[in-house]
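Take a look at the structure below.
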Amino acid sequence: MEKAKNLSPDLFKPAQIEKKEQDALTRKPVGYWQDVWGRFRSNLGAVLGLSLIVLTLLLAIFGPLANSYDWQTQMLEVANKESFSDHYFGTDHLGRDIWQRVWYGAKISLTIAFLAAFLDVVIGVTFGGISGYFGGRVDMIMQRILEVMYSIPNLIVIILMLLIFDPGIVPVAIAMAITGWVPMARVVRAQVMKLKSQEYVLAARTLGASHARILLKHLIPNVMGPIIIAVTFAIPSAIFFEAFLAFIGLGIRPPEASLGVLINDASTYLQIFPYQLIYPSVVLSIIILSFNLLGDGLRDALDPRMRK
């Protein structure tokens with residue numbers, strides 16, 4: 001005790017805390033979605049993907065206003081001309097303005113992809129939520145249905161659907177959604193099974209909440225992170241699949257235009273007029289890359305384990 005009294009005050013110095021650590025300790029508390037947005041903004045790839053998606057949507061909506069032509073008017077006197085004057089991307093073999101057709105086709109492809117993704121969410125979330133929540137025999141029967149659906153090749157189902165119905169925006173989207181909802185259902189089922197034993201779910205059940213209310217108000221909102229990630233990866237997959245179907249002649253058919261139709265038409269003149277293939281292919285690649293970058297960024301931002 002006497003030794004402690006005799007110690008010089010100079011021997012005791014306050015600990016030096018770095019500015020970075022001090023800011024981390026004194027940072028104001030933020031909500032979950034604010035934290036997600038902060039991590040998302042710090043991801044350069046995700047921000048780039050989102051910016052490219054917004055730019056593509058704006059061009060698909062307002063790009064056709066840049067000149068006075070439309071996507072289907074034929075002008076044979078200027079057929080197969082490279083970009084000149086106000087034909088920014090040139091013209092095709094029928095003299096149609098490629099600038100107009102590219103952005104019209106992008107709008108059609110995005111519409112089909114968003115519609116297919118919406119159907120995937122509706123069917124997959126409903127099926128997976130019910131299966132994971134009730135469990136037991138209900139889950140066993142529904143999982144056998146999922147296994148049967150998963151074992152059927154997507155291409156075969158889509159071809160059969162498009163042979164029955166005339167190809168169009170809605171039939172193509174429905175055909176892709178017939179088996180496309182299965183991965184969504186599996187993701188939702190796994191998350192619901194993990195969350196249904198949480199205290200707030202047990203409290204809601206004790207207070208007499210119905211099954212539908214527990215699913216819609218308590219479980220599904222807490223599964224929104226994985227659902228959003230699954231959607232961002234389902235959209236580029238649907239865009240690529242639509243382009244593939246159009247390329248083999250099973251998707252949107254001329255005179256309608258999608259990016260797949262434009263690529264299919266231009267492939268005939270690839271060696272003579274390669275520019276007709278380059279523009280829709282670049283736009284298609286940018287759209288798919290953008291959604292993949294966005295999906296990777298959202299996956300990292302929504303995963304609490306990625307927090308630094």
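Residue numbers start at 1 in each chain; chains themselves are named A, B, ... in the order of the structure tokens; ligands are numbered from 1 in the order shown.
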| Quick one: residues within 12 Å of A:Trp33, only C-alpha atoms counted, chain neighbours fewer than 3 positions away excluded, as a ChimeraX atom specification? | /A:29-30,36-40,222,224-225,298,301-304
Near-A:Ala266 list (10 Å; only C-alpha atoms; drop same-chain fewer than 6 positions) as a compact mmCIF listing (two decimals) with C-alpha atoms, in the first residue's frame:
```txt
# COMPACT_ATOMS: atom_id res chain seq x y z
CA ASP A 92 -30.59 -3.68 -90.21
CA HIS A 93 -31.22 -5.64 -93.43
CA GLY A 260 -32.65 -12.53 -78.30
CA ILE A 272 -20.81 -9.00 -93.44
CA PHE A 273 -22.38 -6.58 -90.93
CA PRO A 274 -20.99 -7.47 -87.49
CA TYR A 275 -22.21 -4.20 -85.93
CA GLN A 276 -25.79 -5.51 -86.09
CA LEU A 277 -24.83 -8.26 -83.63
CA ILE A 278 -22.47 -6.24 -81.46
CA TYR A 279 -24.98 -3.68 -80.12
CA PRO A 280 -27.70 -6.04 -78.79
CA SER A 281 -25.05 -8.47 -77.51
```
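For the atom pair formed by atom CA of A:Ser197 and atom CA of A:Arg144, the distance is 23.7 Å, given to one decimal.
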| field | Which of A:Leu195, A:Leu115, A:Leu57, A:Ile286 sits closest to A:Trp103 [using only C-alpha atoms] | value | A:Leu57
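Among the candidate residues A:Gln198, A:Ala185, A:Ile228, A:Leu245, the one lying nearest to A:Pro167 is A:Leu245, with distances computed using only C-alpha atoms.
If only C-alpha atoms are the atoms counted, then among A:His218, A:Thr56, A:Val187, A:Pro153 the closest residue to A:Glu199 is A:His218.
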| message | Among stretch 135-291 of chain A, which residues does DSSP mark as alpha helix (DSSP H) when it is run on the backbone? Keep the chain and numbering as in the structure and answer as a ChimeraX atom specification. | response | /A:136-151,154-164,169-180,182-195,199-206,211-213,224-247,259-267,275-291
| query | Which neighbours of stretch 121-123 of chain A fall inside 12 Å, counting only C-alpha atoms, when residues of the same chain fewer than 5 positions from it are skipped, and could you give them as JSON, numbers by chain? | reply | {"A": [114, 115, 116, 128, 129, 130, 146, 174, 177, 178, 179, 180, 181, 182, 183, 184, 185, 186, 187, 188, 220, 223, 224, 226, 227, 228, 229, 230, 231, 232, 234, 235]}
Dump of C-alpha atoms for the selected residues, as a compact mmCIF listing (two decimals), in the first residue's frame:
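Done, and the output landed in part24.txt:
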```
# COMPACT_ATOMS: atom_id res chain seq x y z
CA PHE A 114 -39.37 -9.07 -64.08
CA LEU A 115 -42.67 -10.86 -64.69
CA ALA A 116 -41.01 -14.29 -64.40
CA GLY A 128 -41.79 -22.63 -49.24
CA GLY A 129 -43.38 -20.66 -46.39
CA ILE A 130 -46.21 -23.14 -45.92
CA LEU A 146 -40.45 -30.05 -55.12
CA ILE A 174 -45.23 -18.25 -67.29
CA ALA A 177 -41.86 -19.58 -63.91
CA ILE A 178 -43.34 -23.11 -64.01
CA THR A 179 -40.10 -24.60 -62.70
CA GLY A 180 -38.21 -21.39 -61.89
CA TRP A 181 -39.93 -20.98 -58.50
CA VAL A 182 -38.37 -24.17 -57.06
CA PRO A 183 -35.06 -22.59 -55.88
CA MET A 184 -37.02 -19.74 -54.27
CA ALA A 185 -39.23 -22.20 -52.42
CA ARG A 186 -36.19 -24.04 -51.06
CA VAL A 187 -34.57 -20.85 -49.81
CA VAL A 188 -37.76 -19.66 -48.09
CA ILE A 220 -41.82 -13.63 -44.31
CA VAL A 223 -36.82 -13.66 -44.85
CA MET A 224 -36.80 -10.65 -47.17
CA PRO A 226 -32.59 -14.03 -48.96
CA ILE A 227 -35.67 -13.38 -51.13
CA ILE A 228 -34.18 -10.15 -52.51
CA ILE A 229 -30.89 -11.88 -53.22
CA ALA A 230 -32.64 -14.76 -54.99
CA VAL A 231 -34.62 -12.31 -57.14
CA THR A 232 -31.52 -10.40 -58.22
CA ALA A 234 -33.25 -14.93 -60.99
CA ILE A 235 -33.69 -11.85 -63.21
```
| field | Surrounding residues of A:Glu82 excluding itself and chain neighbours under 2 positions, 8 Å, only C-alpha atoms, as number ranges by chain | value | A: 80, 84, 89-91, 275
Go ahead and write the residues just picked, all heavy atoms, as a PDB file, in the first residue's frame.
```pdb
ATOM      1  N   ASN A  80     -28.892  -1.844 -94.037  1.00  0.00           N
ATOM      2  CA  ASN A  80     -27.519  -2.278 -93.754  1.00  0.00           C
ATOM      3  C   ASN A  80     -26.517  -1.124 -93.772  1.00  0.00           C
ATOM      4  O   ASN A  80     -25.389  -1.265 -94.264  1.00  0.00           O
ATOM      5  CB  ASN A  80     -27.085  -3.360 -94.743  1.00  0.00           C
ATOM      6  CG  ASN A  80     -27.894  -4.638 -94.607  1.00  0.00           C
ATOM      7  OD1 ASN A  80     -28.239  -5.061 -93.506  1.00  0.00           O
ATOM      8  ND2 ASN A  80     -28.231  -5.248 -95.739  1.00  0.00           N
ATOM      9  N   PHE A  84     -24.977   6.448 -88.744  1.00  0.00           N
ATOM     10  CA  PHE A  84     -24.827   7.721 -89.442  1.00  0.00           C
ATOM     11  C   PHE A  84     -25.977   8.628 -89.031  1.00  0.00           C
ATOM     12  O   PHE A  84     -27.044   8.169 -88.633  1.00  0.00           O
ATOM     13  CB  PHE A  84     -24.820   7.524 -90.967  1.00  0.00           C
ATOM     14  CG  PHE A  84     -26.116   6.995 -91.520  1.00  0.00           C
ATOM     15  CD1 PHE A  84     -27.065   7.848 -92.059  1.00  0.00           C
ATOM     16  CD2 PHE A  84     -26.385   5.633 -91.486  1.00  0.00           C
ATOM     17  CE1 PHE A  84     -28.246   7.354 -92.564  1.00  0.00           C
ATOM     18  CE2 PHE A  84     -27.578   5.149 -91.998  1.00  0.00           C
ATOM     19  CZ  PHE A  84     -28.511   6.007 -92.542  1.00  0.00           C
ATOM     20  N   PHE A  89     -27.089   3.537 -84.103  1.00  0.00           N
ATOM     21  CA  PHE A  89     -26.539   2.189 -84.210  1.00  0.00           C
ATOM     22  C   PHE A  89     -26.633   1.648 -85.637  1.00  0.00           C
ATOM     23  O   PHE A  89     -26.378   0.461 -85.854  1.00  0.00           O
ATOM     24  CB  PHE A  89     -27.267   1.232 -83.267  1.00  0.00           C
ATOM     25  CG  PHE A  89     -26.969   1.470 -81.813  1.00  0.00           C
ATOM     26  CD1 PHE A  89     -27.718   0.814 -80.835  1.00  0.00           C
ATOM     27  CD2 PHE A  89     -25.960   2.325 -81.401  1.00  0.00           C
ATOM     28  CE1 PHE A  89     -27.456   1.021 -79.485  1.00  0.00           C
ATOM     29  CE2 PHE A  89     -25.698   2.540 -80.066  1.00  0.00           C
ATOM     30  CZ  PHE A  89     -26.440   1.885 -79.111  1.00  0.00           C
ATOM     31  N   GLY A  90     -27.024   2.473 -86.582  1.00  0.00           N
ATOM     32  CA  GLY A  90     -27.182   2.021 -87.955  1.00  0.00           C
ATOM     33  C   GLY A  90     -28.543   1.387 -88.196  1.00  0.00           C
ATOM     34  O   GLY A  90     -29.478   1.538 -87.396  1.00  0.00           O
ATOM     35  N   THR A  91     -28.658   0.672 -89.299  1.00  0.00           N
ATOM     36  CA  THR A  91     -29.920   0.021 -89.672  1.00  0.00           C
ATOM     37  C   THR A  91     -29.661  -1.448 -89.965  1.00  0.00           C
ATOM     38  O   THR A  91     -28.527  -1.861 -90.236  1.00  0.00           O
ATOM     39  CB  THR A  91     -30.540   0.692 -90.913  1.00  0.00           C
ATOM     40  OG1 THR A  91     -29.609   0.621 -92.001  1.00  0.00           O
ATOM     41  CG2 THR A  91     -30.882   2.147 -90.636  1.00  0.00           C
ATOM     42  N   TYR A 275     -21.682  -5.197 -86.866  1.00  0.00           N
ATOM     43  CA  TYR A 275     -22.209  -4.204 -85.928  1.00  0.00           C
ATOM     44  C   TYR A 275     -23.650  -4.510 -85.523  1.00  0.00           C
ATOM     45  O   TYR A 275     -24.088  -4.140 -84.434  1.00  0.00           O
ATOM     46  CB  TYR A 275     -22.117  -2.802 -86.544  1.00  0.00           C
ATOM     47  CG  TYR A 275     -23.075  -2.548 -87.684  1.00  0.00           C
ATOM     48  CD1 TYR A 275     -24.330  -1.998 -87.460  1.00  0.00           C
ATOM     49  CD2 TYR A 275     -22.713  -2.870 -88.995  1.00  0.00           C
ATOM     50  CE1 TYR A 275     -25.216  -1.783 -88.502  1.00  0.00           C
ATOM     51  CE2 TYR A 275     -23.587  -2.654 -90.039  1.00  0.00           C
ATOM     52  CZ  TYR A 275     -24.839  -2.107 -89.795  1.00  0.00           C
ATOM     53  OH  TYR A 275     -25.718  -1.889 -90.829  1.00  0.00           O
TER      54      TYR A 275
END
```
| message | Using Å and a single decimal, report how far atom CA of A:Ser267 sits from atom CA of A:Ile239. | response | 18.6 Å
| request: Determine, counting only C-alpha atoms, which protein, DNA and RNA residues have an atom within 9 Å of an atom of A:Ile169; residues of the same chain fewer than 2 positions away are not included. Present the result as an MDAnalysis selection string. | output: chainID A and resid 108:109 111:112 115 167 171:174 251:252
| message | Which residues are near A:Ile248? Cut-off 9 Å, only C-alpha atoms, ignore same chain within fewer than 4 positions. Put them as a PyMOL selection string. | response | chain A and resi 243-244+260+264
| remark: As a check of understanding: the span from atom CA of A:Asn67 to atom CA of A:Ser85 is 10.0 Å
| said: Based on the backbone DSSP call, show me all residues of stretch 14-242 of chain A assigned strand (DSSP E or B), as a list in words. | reply: Phe84, His87, Thr91 and Asp97 of chain A
